[in-house]
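Student: Supplied structure: start09.pdb, PDB, C-alpha atoms and all ligand atoms.
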MODEL        1
ATOM      1  CA  MET A   1      80.790 135.997 110.421
ATOM      2  CA  PHE A   2      83.810 137.531 112.144
ATOM      3  CA  LEU A   3      86.917 135.806 113.505
ATOM      4  CA  GLY A   4      88.687 138.637 115.278
ATOM      5  CA  ASP A   5      88.987 141.340 112.607
ATOM      6  CA  LEU A   6      88.543 138.815 109.838
ATOM      7  CA  GLU A   7      85.183 139.082 108.039
ATOM      8  CA  LEU A   8      84.225 135.854 106.271
ATOM      9  CA  HIS A   9      81.514 134.999 103.769
ATOM     10  CA  LEU A  10      81.222 131.454 102.532
ATOM     11  CA  LEU A  11      79.408 130.691  99.339
ATOM     12  CA  ILE A  12      78.604 127.806  97.077
ATOM     13  CA  ALA A  13      79.807 128.871  93.630
ATOM     14  CA  SER A  14      78.196 125.852  91.980
ATOM     15  CA  HIS A  15      76.713 122.457  92.594
ATOM     16  CA  TRP A  16      77.881 119.551  90.447
ATOM     17  CA  LYS A  17      78.415 115.814  90.553
ATOM     18  CA  ALA A  18      81.604 113.772  90.558
ATOM     19  CA  ASP A  19      82.250 110.077  90.180
ATOM     20  CA  GLY A  20      82.356 108.531  93.652
ATOM     21  CA  GLY A  21      85.394 106.420  92.759
ATOM     22  CA  LEU A  22      87.251 109.532  91.624
ATOM     23  CA  MET A  23      86.554 111.284  94.908
ATOM     24  CA  PHE A  24      87.485 108.390  97.185
ATOM     25  CA  GLY A  25      90.273 106.580  95.350
ATOM     26  CA  VAL A  26      90.990 103.169  96.801
ATOM     27  CA  VAL A  27      88.425 103.426  99.603
ATOM     28  CA  PRO A  28      85.932 100.532  99.153
ATOM     29  CA  LYS A  29      82.571 101.727  97.889
ATOM     30  CA  VAL A  30      80.736  99.985 100.731
ATOM     31  CA  MET A  31      82.477 102.427 103.044
ATOM     32  CA  TRP A  32      82.211 105.746 101.185
ATOM     33  CA  GLU A  33      78.641 105.247  99.950
ATOM     34  CA  LYS A  34      77.363 105.447 103.533
ATOM     35  CA  HIS A  35      78.625 109.024 103.696
ATOM     36  CA  LYS A  36      78.041 110.145 100.109
ATOM     37  CA  PRO A  37      75.280 108.046  98.491
ATOM     38  CA  PRO A  38      75.827 107.790  94.725
ATOM     39  CA  ASP A  39      73.099 108.068  92.102
ATOM     40  CA  GLY A  40      72.474 105.407  89.426
ATOM     41  CA  ASN A  41      75.532 106.620  87.504
ATOM     42  CA  ASN A  42      77.780 106.376  90.585
ATOM     43  CA  LEU A  43      77.846 110.191  90.844
ATOM     44  CA  ILE A  44      77.860 111.976  94.186
ATOM     45  CA  ASP A  45      76.797 115.526  95.018
ATOM     46  CA  CYS A  46      79.656 118.019  95.206
ATOM     47  CA  ALA A  47      79.964 121.751  95.506
ATOM     48  CA  CYS A  48      82.557 124.367  94.710
ATOM     49  CA  ILE A  49      83.006 126.342  97.897
ATOM     50  CA  CYS A  50      84.522 129.813  97.741
ATOM     51  CA  LEU A  51      85.393 132.066 100.630
ATOM     52  CA  ILE A  52      85.268 135.837 100.453
ATOM     53  CA  ALA A  53      87.216 137.594 103.185
ATOM     54  CA  ARG A  54      87.745 141.151 104.248
ATOM     55  CA  ILE A  55      91.013 141.519 106.093
ATOM     56  CA  ASN A  56      93.072 144.655 106.792
ATOM     57  CA  GLY A  57      90.908 146.650 104.395
ATOM     58  CA  ARG A  58      91.352 144.226 101.500
ATOM     59  CA  VAL A  59      88.902 141.904  99.768
ATOM     60  CA  ILE A  60      90.291 138.409  99.209
ATOM     61  CA  VAL A  61      88.640 135.628  97.174
ATOM     62  CA  CYS A  62      89.781 132.110  98.061
ATOM     63  CA  GLU A  63      88.986 129.509  95.394
ATOM     64  CA  THR A  64      87.001 130.394  92.274
ATOM     65  CA  GLY A  65      85.262 127.113  91.417
ATOM     66  CA  ILE A  66      84.234 125.954  87.955
ATOM     67  CA  GLY A  67      83.226 129.356  86.608
ATOM     68  CA  THR A  68      80.996 130.091  83.654
ATOM     69  CA  LYS A  69      82.785 128.862  80.560
ATOM     70  CA  LEU A  70      82.803 125.074  80.840
ATOM     71  CA  SER A  71      81.853 123.393  77.558
ATOM     72  CA  GLU A  72      78.234 122.312  77.320
ATOM     73  CA  LYS A  73      79.271 118.679  76.993
ATOM     74  CA  ARG A  74      81.424 118.731  80.115
ATOM     75  CA  ALA A  75      78.839 120.754  82.049
ATOM     76  CA  GLN A  76      76.282 118.041  81.253
ATOM     77  CA  GLN A  77      78.694 115.288  82.261
ATOM     78  CA  VAL A  78      79.191 116.832  85.691
ATOM     79  CA  VAL A  79      75.549 117.956  86.049
ATOM     80  CA  LEU A  80      76.673 121.532  86.661
ATOM     81  CA  ARG A  81      74.214 123.882  88.340
ATOM     82  CA  GLU A  82      74.433 127.609  89.207
ATOM     83  CA  PRO A  83      77.730 128.303  87.453
ATOM     84  CA  GLU A  84      77.424 132.034  88.155
ATOM     85  CA  GLY A  85      77.186 131.609  91.911
ATOM     86  CA  LEU A  86      80.450 133.364  92.736
ATOM     87  CA  LEU A  87      79.626 136.570  90.843
ATOM     88  CA  HIS A  88      76.053 136.633  92.143
ATOM     89  CA  ALA A  89      77.294 136.246  95.699
ATOM     90  CA  LEU A  90      79.806 139.057  95.271
ATOM     91  CA  HIS A  91      77.042 141.251  93.904
ATOM     92  CA  ARG A  92      74.861 140.457  96.925
ATOM     93  CA  LEU A  93      77.727 141.534  99.180
ATOM     94  CA  GLY A  94      78.023 144.786  97.238
ATOM     95  CA  ILE A  95      81.482 143.914  95.887
ATOM     96  CA  ARG A  96      82.306 144.549  92.223
ATOM     97  CA  PRO A  97      84.804 142.121  90.617
ATOM     98  CA  ASP A  98      87.249 145.018  90.088
ATOM     99  CA  GLU A  99      87.180 145.722  93.825
ATOM    100  CA  VAL A 100      88.701 142.345  94.684
ATOM    101  CA  ASP A 101      92.306 142.899  95.812
ATOM    102  CA  ALA A 102      93.594 139.337  95.801
ATOM    103  CA  VAL A 103      92.609 135.869  94.595
ATOM    104  CA  VAL A 104      94.120 132.677  95.947
ATOM    105  CA  THR A 105      93.277 129.320  94.412
ATOM    106  CA  THR A 106      94.591 126.140  95.976
ATOM    107  CA  HIS A 107      95.608 124.707  92.588
ATOM    108  CA  LEU A 108      94.757 125.086  88.899
ATOM    109  CA  HIS A 109      92.481 122.096  88.245
ATOM    110  CA  TRP A 110      89.409 123.077  86.188
ATOM    111  CA  ASP A 111      87.062 122.893  89.192
ATOM    112  CA  HIS A 112      89.169 125.358  91.217
ATOM    113  CA  ALA A 113      90.548 127.719  88.576
ATOM    114  CA  GLY A 114      87.635 127.930  86.121
ATOM    115  CA  GLY A 115      86.322 131.058  87.805
ATOM    116  CA  LEU A 116      89.591 132.964  87.304
ATOM    117  CA  THR A 117      88.537 133.886  83.771
ATOM    118  CA  ARG A 118      85.312 134.303  81.844
ATOM    119  CA  ARG A 119      84.229 134.862  78.270
ATOM    120  CA  GLY A 120      83.979 138.552  77.483
ATOM    121  CA  GLU A 121      81.984 140.281  74.801
ATOM    122  CA  GLY A 122      83.285 139.109  71.433
ATOM    123  CA  GLY A 123      84.198 135.696  72.814
ATOM    124  CA  SER A 124      87.715 136.392  74.094
ATOM    125  CA  PHE A 125      88.718 135.360  77.597
ATOM    126  CA  GLU A 126      89.054 138.022  80.242
ATOM    127  CA  LEU A 127      90.000 138.037  83.892
ATOM    128  CA  THR A 128      87.071 137.744  86.276
ATOM    129  CA  PHE A 129      88.898 139.939  88.814
ATOM    130  CA  PRO A 130      90.805 142.363  86.594
ATOM    131  CA  LYS A 131      92.675 144.254  89.297
ATOM    132  CA  ALA A 132      93.428 141.464  91.765
ATOM    133  CA  ARG A 133      96.808 139.990  92.561
ATOM    134  CA  HIS A 134      96.588 136.219  91.990
ATOM    135  CA  PHE A 135      98.793 133.980  94.146
ATOM    136  CA  ILE A 136      99.682 130.562  92.746
ATOM    137  CA  GLN A 137     102.571 128.201  93.415
ATOM    138  CA  ASN A 138     105.324 128.353  90.814
ATOM    139  CA  SER A 139     105.390 124.544  90.661
ATOM    140  CA  GLU A 140     101.626 124.447  90.019
ATOM    141  CA  TRP A 141     101.908 126.962  87.195
ATOM    142  CA  ASP A 142     104.676 124.958  85.496
ATOM    143  CA  PHE A 143     102.806 121.677  85.891
ATOM    144  CA  ALA A 144      99.521 123.142  84.626
ATOM    145  CA  LEU A 145     101.289 124.308  81.459
ATOM    146  CA  HIS A 146     103.052 120.933  81.013
ATOM    147  CA  PRO A 147     100.903 118.329  82.807
ATOM    148  CA  ASP A 148     101.727 114.645  82.769
ATOM    149  CA  VAL A 149      99.535 112.379  80.669
ATOM    150  CA  ARG A 150      97.315 111.522  83.641
ATOM    151  CA  SER A 151      96.585 115.154  84.489
ATOM    152  CA  GLN A 152      95.992 116.646  81.060
ATOM    153  CA  SER A 153      92.205 116.642  81.195
ATOM    154  CA  ALA A 154      92.216 118.308  84.622
ATOM    155  CA  TYR A 155      93.830 121.521  83.371
ATOM    156  CA  ILE A 156      92.172 123.942  80.932
ATOM    157  CA  PRO A 157      94.731 126.574  79.840
ATOM    158  CA  ASP A 158      92.051 129.208  79.150
ATOM    159  CA  ASP A 159      91.326 129.160  82.897
ATOM    160  CA  PHE A 160      94.716 130.587  83.834
ATOM    161  CA  THR A 161      96.968 131.597  80.891
ATOM    162  CA  PRO A 162      95.183 134.990  80.510
ATOM    163  CA  LEU A 163      96.642 135.857  83.939
ATOM    164  CA  MET A 164     100.081 136.081  82.317
ATOM    165  CA  ASP A 165      98.909 138.286  79.462
ATOM    166  CA  GLY A 166      98.536 142.040  79.616
ATOM    167  CA  HIS A 167      98.808 143.195  83.196
ATOM    168  CA  ARG A 168     100.489 139.990  84.383
ATOM    169  CA  LEU A 169      98.427 139.731  87.510
ATOM    170  CA  VAL A 170      99.759 136.365  88.601
ATOM    171  CA  GLU A 171     102.403 136.188  91.329
ATOM    172  CA  LEU A 172     104.169 132.843  91.471
ATOM    173  CA  ILE A 173     105.162 131.685  94.935
ATOM    174  CA  ASP A 174     107.838 129.155  95.884
ATOM    175  CA  GLY A 175     106.731 127.286  98.988
ATOM    176  CA  SER A 176     104.933 128.735 101.985
ATOM    177  CA  ALA A 177     104.658 132.496 102.418
ATOM    178  CA  GLU A 178     102.644 135.343 103.884
ATOM    179  CA  VAL A 179     101.505 136.949 100.632
ATOM    180  CA  LEU A 180      99.596 139.814 102.262
ATOM    181  CA  PRO A 181      99.228 140.801 105.920
ATOM    182  CA  GLY A 182      97.078 138.057 107.459
ATOM    183  CA  VAL A 183      97.016 135.948 104.267
ATOM    184  CA  GLU A 184      99.319 132.935 104.045
ATOM    185  CA  VAL A 185      99.722 130.138 101.562
ATOM    186  CA  ARG A 186     101.177 126.821 102.648
ATOM    187  CA  HIS A 187     102.582 124.544  99.965
ATOM    188  CA  VAL A 188     101.385 120.978 100.541
ATOM    189  CA  GLY A 189     101.726 119.217  97.154
ATOM    190  CA  GLY A 190     100.354 115.664  97.084
ATOM    191  CA  HIS A 191      97.161 116.233  95.117
ATOM    192  CA  THR A 192      99.165 118.139  92.478
ATOM    193  CA  PRO A 193     102.826 119.245  92.632
ATOM    194  CA  GLY A 194     101.879 122.820  93.512
ATOM    195  CA  SER A 195      98.783 122.406  95.677
ATOM    196  CA  GLN A 196      98.595 124.890  98.530
ATOM    197  CA  VAL A 197      96.190 125.628 101.351
ATOM    198  CA  VAL A 198      95.184 129.192 102.197
ATOM    199  CA  MET A 199      95.327 130.525 105.752
ATOM    200  CA  LEU A 200      93.660 133.724 106.872
ATOM    201  CA  ARG A 201      94.686 134.950 110.300
ATOM    202  CA  SER A 202      93.566 137.536 112.795
ATOM    203  CA  GLY A 203      95.292 137.411 116.172
ATOM    204  CA  GLU A 204      94.762 133.952 117.655
ATOM    205  CA  PHE A 205      92.117 133.071 115.043
ATOM    206  CA  ALA A 206      92.711 131.328 111.734
ATOM    207  CA  CYS A 207      90.629 130.011 108.888
ATOM    208  CA  VAL A 208      92.076 127.505 106.421
ATOM    209  CA  VAL A 209      90.742 126.765 102.940
ATOM    210  CA  THR A 210      91.815 123.182 102.361
ATOM    211  CA  GLY A 211      91.408 122.711  98.595
ATOM    212  CA  ASP A 212      91.603 119.021  97.688
ATOM    213  CA  VAL A 213      93.719 118.088 100.726
ATOM    214  CA  VAL A 214      90.387 117.698 102.527
ATOM    215  CA  GLY A 215      87.830 118.030  99.747
ATOM    216  CA  MET A 216      84.771 116.763 101.649
ATOM    217  CA  THR A 217      84.009 115.675 105.204
ATOM    218  CA  PRO A 218      84.751 111.948 104.558
ATOM    219  CA  HIS A 219      88.262 113.059 103.515
ATOM    220  CA  LEU A 220      88.872 114.111 107.131
ATOM    221  CA  ARG A 221      89.972 110.481 107.549
ATOM    222  CA  VAL A 222      93.666 110.660 106.713
ATOM    223  CA  PRO A 223      93.833 107.574 104.403
ATOM    224  CA  TRP A 224      90.719 108.587 102.420
ATOM    225  CA  THR A 225      92.206 110.275  99.367
ATOM    226  CA  MET A 226      91.032 110.991  95.833
ATOM    227  CA  SER A 227      92.146 108.832  92.931
ATOM    228  CA  ALA A 228      93.333 112.042  91.247
ATOM    229  CA  ASP A 229      95.995 112.555  93.950
ATOM    230  CA  LEU A 230      99.394 112.268  92.293
ATOM    231  CA  ASP A 231     101.300 111.550  95.505
ATOM    232  CA  ALA A 232      98.872 110.026  97.979
ATOM    233  CA  LEU A 233     101.450 109.397 100.716
ATOM    234  CA  GLN A 234     102.639 112.996 100.700
ATOM    235  CA  LEU A 235      99.034 114.108 100.799
ATOM    236  CA  MET A 236      98.328 111.890 103.826
ATOM    237  CA  GLU A 237     101.355 113.266 105.664
ATOM    238  CA  GLU A 238     100.391 116.877 105.006
ATOM    239  CA  LYS A 239      96.749 116.198 105.823
ATOM    240  CA  ALA A 240      97.618 114.561 109.150
ATOM    241  CA  ARG A 241      99.794 117.575 110.070
ATOM    242  CA  LEU A 242      97.127 120.067 109.025
ATOM    243  CA  LEU A 243      94.335 118.310 110.924
ATOM    244  CA  ASP A 244      96.510 117.993 113.998
ATOM    245  CA  GLU A 245      97.293 121.723 114.004
ATOM    246  CA  ALA A 246      93.688 122.611 113.206
ATOM    247  CA  GLN A 247      92.463 120.666 116.195
ATOM    248  CA  LYS A 248      95.170 122.004 118.522
ATOM    249  CA  HIS A 249      94.763 125.652 117.536
ATOM    250  CA  ARG A 250      91.009 125.551 116.844
ATOM    251  CA  TRP A 251      91.371 126.641 113.250
ATOM    252  CA  LEU A 252      88.190 126.988 111.213
ATOM    253  CA  LEU A 253      88.412 124.727 108.153
ATOM    254  CA  VAL A 254      86.610 125.324 104.851
ATOM    255  CA  LEU A 255      86.358 122.207 102.654
ATOM    256  CA  SER A 256      86.403 123.105  98.967
ATOM    257  CA  HIS A 257      83.931 120.474  97.664
ATOM    258  CA  GLU A 258      81.635 119.779 100.607
ATOM    259  CA  ALA A 259      78.022 120.595  99.757
ATOM    260  CA  ASP A 260      76.688 119.938 103.256
ATOM    261  CA  GLN A 261      78.146 122.040 106.115
ATOM    262  CA  PRO A 262      81.508 122.815 104.477
ATOM    263  CA  ALA A 263      82.963 124.921 107.322
ATOM    264  CA  GLY A 264      83.799 123.651 110.781
ATOM    265  CA  TYR A 265      86.250 122.646 113.469
ATOM    266  CA  ILE A 266      87.953 119.406 114.491
ATOM    267  CA  GLU A 267      86.913 118.447 118.009
ATOM    268  CA  THR A 268      89.402 116.923 120.469
ATOM    269  CA  ASP A 269      87.844 113.498 119.798
ATOM    270  CA  GLY A 270      88.406 114.029 116.037
ATOM    271  CA  ARG A 271      84.756 114.698 115.220
ATOM    272  CA  TRP A 272      83.681 117.426 112.754
ATOM    273  CA  ARG A 273      81.763 120.291 114.356
ATOM    274  CA  PRO A 274      80.151 122.442 111.672
ATOM    275  CA  GLU A 275      80.238 126.231 112.101
ATOM    276  CA  PRO A 276      76.576 127.228 111.705
ATOM    277  CA  ARG A 277      77.394 130.902 111.124
ATOM    278  CA  LEU A 278      79.116 129.984 107.872
ATOM    279  CA  THR A 279      76.713 127.383 106.497
TER     280      THR A 279
HETATM  281 ZN    ZN B   1      91.943 119.068  92.195
ENDMDL
END
How does the structure come out when it is put into structure tokens?

Tutor:
Amino acid sequence: MFLGDLELHLLIASHWKADGGLMFGVVPKVMWEKHKPPDGNNLIDCACICLIARINGRVIVCETGIGTKLSEKRAQQVVLREPEGLLHALHRLGIRPDEVDAVVTTHLHWDHAGGLTRRGEGGSFELTFPKARHFIQNSEWDFALHPDVRSQSAYIPDDFTPLMDGHRLVELIDGSAEVLPGVEVRHVGGHTPGSQVVMLRSGEFACVVTGDVVGMTPHLRVPWTMSADLDALQLMEEKARLLDEAQKHRWLLVLSHEADQPAGYIETDGRWRPEPRLT
């Protein structure tokens, strides 16, 4: 679909399952299970949503999902399906990985950054998008290299350290910035120290990739946060501000883990109105 001059393609890079308690933190199960029914193992259906945009002659990939190199054991634990979805979707759009100009991930957790790298011939890790500029918050990069004890299992260095090798394609950002014409990152923190949301703009139109600030539609309720959030109060503050602006300015939101209608708008009464052209 088009928003002004902004061409958008939404895709599900993979389907997987996450523990319901992990996704909804302190929210009582009797409340969240109405929205996301768990299976017998308390797992709920999730997706990794990526957005491919063409803006001002450039191809931008927002979020890269789990990717293709998760260990077999972990892939089984999370019931991973279609791990090659991102590359297949690019192929369908006629875009080669080396034609991608920029990649923006909201943060470096394994389920957002896994697709940044893949295993090449001979087993070494190579960049999935070998010519793209990669925009990541400086604070996220530092934390991912030296995570606290609670966050260690959420970061897999092979997902992102190859970005610093060789061509050094990573560009570390401090705070909010317009990184390319029409492409902004906004530092929000909360979920991780360096979490950011991605904004794509064309004239009065904007599309925002929310990362784990609003992972799924139930997270549109401000107090509904994930148990992985390191600073839940900061996250709630940033989320409230983002949702308020999104409703006021009619921004299109893309929710990074929502399997069912992941793109939409906030109505004036606060309801979610899915955008059918992107689902
Ligand atoms: Zn995360």

Student: Starting from the PyMOL selection byres (((not hetatm)) within 7 of (chain B and resi 1)), expand the selection into actual residues of this file and give them as a list in words.

Tutor: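 Written out, the selection comes to His107, His109, Asp111, His112, His191 and Asp212 of chain A.
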
Student: Which residues are near A:Cys50? Cut-off 7 Å, all atoms listed in the file, ignore same chain within fewer than 3 positions. Put them as a list in words.

Tutor: Leu10, Leu11, Ile12, Ala13, Cys62, Glu63, Thr64 and Gly65 of chain A

Student: Between A:Val185, A:Leu80, A:Leu243, A:Leu90, which has the minimum distance to A:Ile173 (counting all atoms listed in the file)?

Tutor: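 Checking each candidate against A:Ile173, we get A:Val185 as the closest.
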
Student: Do you have the atom CA of A:Thr268-atom CA of A:Met199 distance handy?

Tutor: 20.9 Å

Student: Using Å and a single decimal, report how far atom CA of A:Glu178 sits from atom CA of A:Met216.

Tutor: 25.9 Å

Student: Find the residues around A:Val149 up to 12 Å (only C-alpha atoms counted), leave out those fewer than 6 positions away in its own chain, and share them as a PyMOL selection string.

Tutor: chain A and resi 143+155+230

Student: Restricting it to C-alpha atoms, dump the selection as an mmCIF file, in the frame of the given file.

Tutor:
data_model
loop_
_atom_site.group_PDB
_atom_site.id
_atom_site.type_symbol
_atom_site.label_atom_id
_atom_site.label_comp_id
_atom_site.auth_asym_id
_atom_site.auth_seq_id
_atom_site.Cartn_x
_atom_site.Cartn_y
_atom_site.Cartn_z
ATOM 1 C CA PHE A 143 102.806 121.677 85.891
ATOM 2 C CA TYR A 155 93.830 121.521 83.371
ATOM 3 C CA LEU A 230 99.394 112.268 92.293
#

Student: Applying 7 Å and only C-alpha atoms, which residues near A:Asn138 remain after dropping the ones on its own chain fewer than 2 positions away? List them as an MDAnalysis selection string.

Tutor: chainID A and resid 136 140:142 172:174

Student: Kindly indicate which residue among A:Met226, A:Ile52, A:Val183, A:Ile66 lies nearest to A:His91, using only C-alpha atoms for the distances.

Tutor: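 Once distances to A:His91 are computed over only C-alpha atoms, the minimum belongs to A:Ile52.
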
Student: Can you pull out every residue within 7 Å of A:Pro162, counting only C-alpha atoms, but drop anything in the same chain fewer than 4 positions away, and send it as a ChimeraX atom specification?

Tutor: /A:126-127,158

Student: Save out the residues we just selected, C-alpha atoms, as a CSV table (one decimal), in the frame of the given file.

Tutor:
chain,number,residue,atom,x,y,z
A,126,GLU,CA,89.1,138.0,80.2
A,127,LEU,CA,90.0,138.0,83.9
A,158,ASP,CA,92.1,129.2,79.2

Student: Identify all residues satisfying the PyMOL selection byres (((chain A and resi 262) around 10) and not hetatm) in the given file; provide them as a ChimeraX atom specification.

Tutor: /A:10-12,47-49,215-217,253-261,263-264,274-276,278-279

Student: Working from the structure I just supplied, which lacks atoms in stretch 78-103 of chain A, can you model N, CA and C atoms there and output them as a CSV table (one decimal), in the frame of the given file?

Tutor:
chain,number,residue,atom,x,y,z
A,78,VAL,N,79.0,116.6,84.2
A,78,VAL,CA,79.2,116.8,85.7
A,78,VAL,C,77.9,117.4,86.3
A,79,VAL,N,76.8,117.5,85.5
A,79,VAL,CA,75.5,118.0,86.0
A,79,VAL,C,75.7,119.3,86.8
A,80,LEU,N,76.3,120.2,86.1
A,80,LEU,CA,76.7,121.5,86.7
A,80,LEU,C,75.4,122.4,86.8
A,81,ARG,N,75.3,122.9,88.1
A,81,ARG,CA,74.2,123.9,88.3
A,81,ARG,C,74.8,125.2,88.9
A,82,GLU,N,74.1,126.3,88.7
A,82,GLU,CA,74.4,127.6,89.2
A,82,GLU,C,75.9,128.0,89.0
A,83,PRO,N,76.3,128.0,87.7
A,83,PRO,CA,77.7,128.3,87.5
A,83,PRO,C,78.1,129.7,87.8
A,84,GLU,N,77.1,130.6,87.9
A,84,GLU,CA,77.4,132.0,88.2
A,84,GLU,C,77.4,132.4,89.6
A,85,GLY,N,77.4,131.4,90.5
A,85,GLY,CA,77.2,131.6,91.9
A,85,GLY,C,78.2,132.6,92.5
A,86,LEU,N,79.4,132.5,92.1
A,86,LEU,CA,80.4,133.4,92.7
A,86,LEU,C,80.2,134.8,92.5
A,87,LEU,N,79.9,135.2,91.2
A,87,LEU,CA,79.6,136.6,90.8
A,87,LEU,C,78.3,137.1,91.5
A,88,HIS,N,77.3,136.2,91.5
A,88,HIS,CA,76.1,136.6,92.1
A,88,HIS,C,76.3,136.9,93.6
A,89,ALA,N,77.1,136.1,94.3
A,89,ALA,CA,77.3,136.2,95.7
A,89,ALA,C,78.1,137.5,96.0
A,90,LEU,N,79.1,137.8,95.1
A,90,LEU,CA,79.8,139.1,95.3
A,90,LEU,C,78.9,140.3,95.1
A,91,HIS,N,78.0,140.2,94.1
A,91,HIS,CA,77.0,141.3,93.9
A,91,HIS,C,76.2,141.5,95.1
A,92,ARG,N,75.7,140.4,95.7
A,92,ARG,CA,74.9,140.5,96.9
A,92,ARG,C,75.6,141.1,98.1
A,93,LEU,N,76.9,140.9,98.1
A,93,LEU,CA,77.7,141.5,99.2
A,93,LEU,C,78.1,143.0,98.8
A,94,GLY,N,77.7,143.4,97.6
A,94,GLY,CA,78.0,144.8,97.2
A,94,GLY,C,79.5,145.0,96.8
A,95,ILE,N,80.1,143.9,96.3
A,95,ILE,CA,81.5,143.9,95.9
A,95,ILE,C,81.5,143.7,94.4
A,96,ARG,N,82.1,144.7,93.7
A,96,ARG,CA,82.3,144.5,92.2
A,96,ARG,C,83.6,143.7,92.0
A,97,PRO,N,83.6,142.9,90.9
A,97,PRO,CA,84.8,142.1,90.6
A,97,PRO,C,86.1,143.0,90.6
A,98,ASP,N,86.0,144.2,90.1
A,98,ASP,CA,87.2,145.0,90.1
A,98,ASP,C,87.6,145.6,91.5
A,99,GLU,N,86.8,145.3,92.5
A,99,GLU,CA,87.2,145.7,93.8
A,99,GLU,C,87.9,144.6,94.6
A,100,VAL,N,88.0,143.4,94.0
A,100,VAL,CA,88.7,142.3,94.7
A,100,VAL,C,90.2,142.6,94.6
A,101,ASP,N,90.9,142.6,95.8
A,101,ASP,CA,92.3,142.9,95.8
A,101,ASP,C,93.2,141.7,95.5
A,102,ALA,N,92.7,140.5,96.0
A,102,ALA,CA,93.6,139.3,95.8
A,102,ALA,C,92.7,138.1,95.6
A,103,VAL,N,93.3,137.2,94.8
A,103,VAL,CA,92.6,135.9,94.6
A,103,VAL,C,93.6,134.8,94.9
